[in-house]
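Structure first, then comments.
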Amino acid sequence: MTFKDQVLAIVKKIPKGKVLTYQEVAKRAGSPNASRAVGSILKKNFDPKIPCHRVIRSDGIAGEYNRGRSNKIKLLKKEGYIK
DNA sequence: GAGCTGACATGTT
DNA sequence: CAACATGCCAGCT
């Protein structure tokens, strides 16, 4: 099980109505400061089980889901996860 | 095996 | 307060 798999597993396990920051995911994966690695991994492992839009930055802003933020981010905003 | 790239974070200017 | 520059870690070529 590599860091990559850990990250993927963690993101996949994000329950509904919950979001994690890149730092949180990286932290759980075993590297608290591997925020960049987390994004890079999600990018290459684009699984439908991986809700990238549920993984946000420390700022509370969603990252770039699929090289361009999806409208789903807008839903997250409505949910109250993003400012 | 080494180097480059990247969907970020934090600090400083 | 906003923008720029540097550093971090892992993956890919």
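Quick note on naming: the chains in the structure tokens go A, B, ... in the order shown, residues restart at 1 in each chain, and ligands are numbered from 1 in order of appearance.
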How close does chain B get to chain A? List, as a Markdown table, each residue of chain B within 7 Å, its nearest atom pair and the distance in Å to one decimal, counting only C-alpha atoms (C1' of nucleotides).
```
| residue | atom | partner | partner_atom | distance |
| --- | --- | --- | --- | --- |
| B:DG6 | C1' | A:Ser40 | CA | 6.1 |
| B:DA7 | C1' | A:Glu64 | CA | 4.8 |
| B:DC8 | C1' | A:Arg36 | CA | 4.8 |
```
Each residue of chain C lying at most 9 Å from chain A should get a row with its shortest atom-to-atom pair and the distance in Å to one decimal, counting only C-alpha atoms (C1' of nucleotides); could you produce that, ordered by chain and increasing number, as CSV?
```
residue,atom,partner,partner_atom,distance
C:DC8,C1',A:Asn33,CA,6.0
C:DC9,C1',A:Ala34,CA,4.6
C:DA10,C1',A:Ala37,CA,4.9
C:DG11,C1',A:Ile41,CA,7.2
```
Restrict the selected residues to N, CA, C and O atoms (P, O5', C5', C4', C3', O3' and C1' of nucleotides) and save them as a tab-separated table (two decimals), in the first residue's frame.
```tsv
chain	number	residue	atom	x	y	z
C	8	DC	P	11.86	22.24	2.10
C	8	DC	O5'	10.45	21.53	1.85
C	8	DC	C5'	9.48	21.52	2.89
C	8	DC	C4'	8.35	20.55	2.58
C	8	DC	C3'	8.84	19.22	2.05
C	8	DC	O3'	8.58	18.16	2.97
C	8	DC	C1'	7.23	20.19	0.55
C	9	DC	P	9.08	16.73	2.65
C	9	DC	O5'	7.98	16.23	1.61
C	9	DC	C5'	6.64	16.08	2.03
C	9	DC	C4'	5.89	15.17	1.08
C	9	DC	C3'	6.68	13.92	0.72
C	9	DC	O3'	5.84	12.79	0.77
C	9	DC	C1'	6.21	15.19	-1.25
C	10	DA	P	6.44	11.36	0.44
C	10	DA	O5'	5.74	11.07	-0.97
C	10	DA	C5'	4.37	11.33	-1.12
C	10	DA	C4'	3.92	11.17	-2.55
C	10	DA	C3'	4.47	9.90	-3.22
C	10	DA	O3'	3.45	9.28	-3.96
C	10	DA	C1'	5.09	11.84	-4.48
C	11	DG	P	3.72	8.01	-4.84
C	11	DG	O5'	3.62	8.64	-6.30
C	11	DG	C5'	2.44	9.36	-6.64
C	11	DG	C4'	2.46	9.80	-8.10
C	11	DG	C3'	2.82	8.66	-9.06
C	11	DG	O3'	2.05	8.78	-10.24
C	11	DG	C1'	4.42	10.41	-9.23
```
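Atom pair CA of Lys74 (chain A) / CA of Lys49 (chain A) has a distance of 19.3 Å (rounded to one decimal).
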- Message: as a list of chain:residue names, please: every residue in chain A that DSSP puts in strand (DSSP E or B).
- Response: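 Here is the list: A:Leu20, A:Thr21, A:Val55, A:Ile56, A:Ala62.
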Output C-alpha atoms for every residue in the selection just made, as a CSV table (one decimal), in the first residue's frame.
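Everything below was put into result-v9.csv:
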```csv
chain,number,residue,atom,x,y,z
A,20,LEU,CA,-11.4,17.1,3.7
A,21,THR,CA,-8.6,19.5,2.9
A,55,VAL,CA,-11.3,17.6,-1.4
A,56,ILE,CA,-10.6,21.3,-0.8
A,62,ALA,CA,-12.0,23.7,-3.9
```
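Between CA of Val25 (chain A) and CA of Lys13 (chain A) the interatomic distance comes to 10.8 Å.
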- Query: Quick one: distance from CA of Asp47 (chain A) to CA of Tyr81 (chain A) in Å, one decimal?
  - Reply: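 We find that CA of Asp47 (chain A) and CA of Tyr81 (chain A) lie 22.2 Å from each other.
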- Query: In chain A, what's helix (DSSP H, G or I) per DSSP? Answer as a ChimeraX atom specification?
  - Reply: /A:3-12,22-29,35-44,52-54,72-79
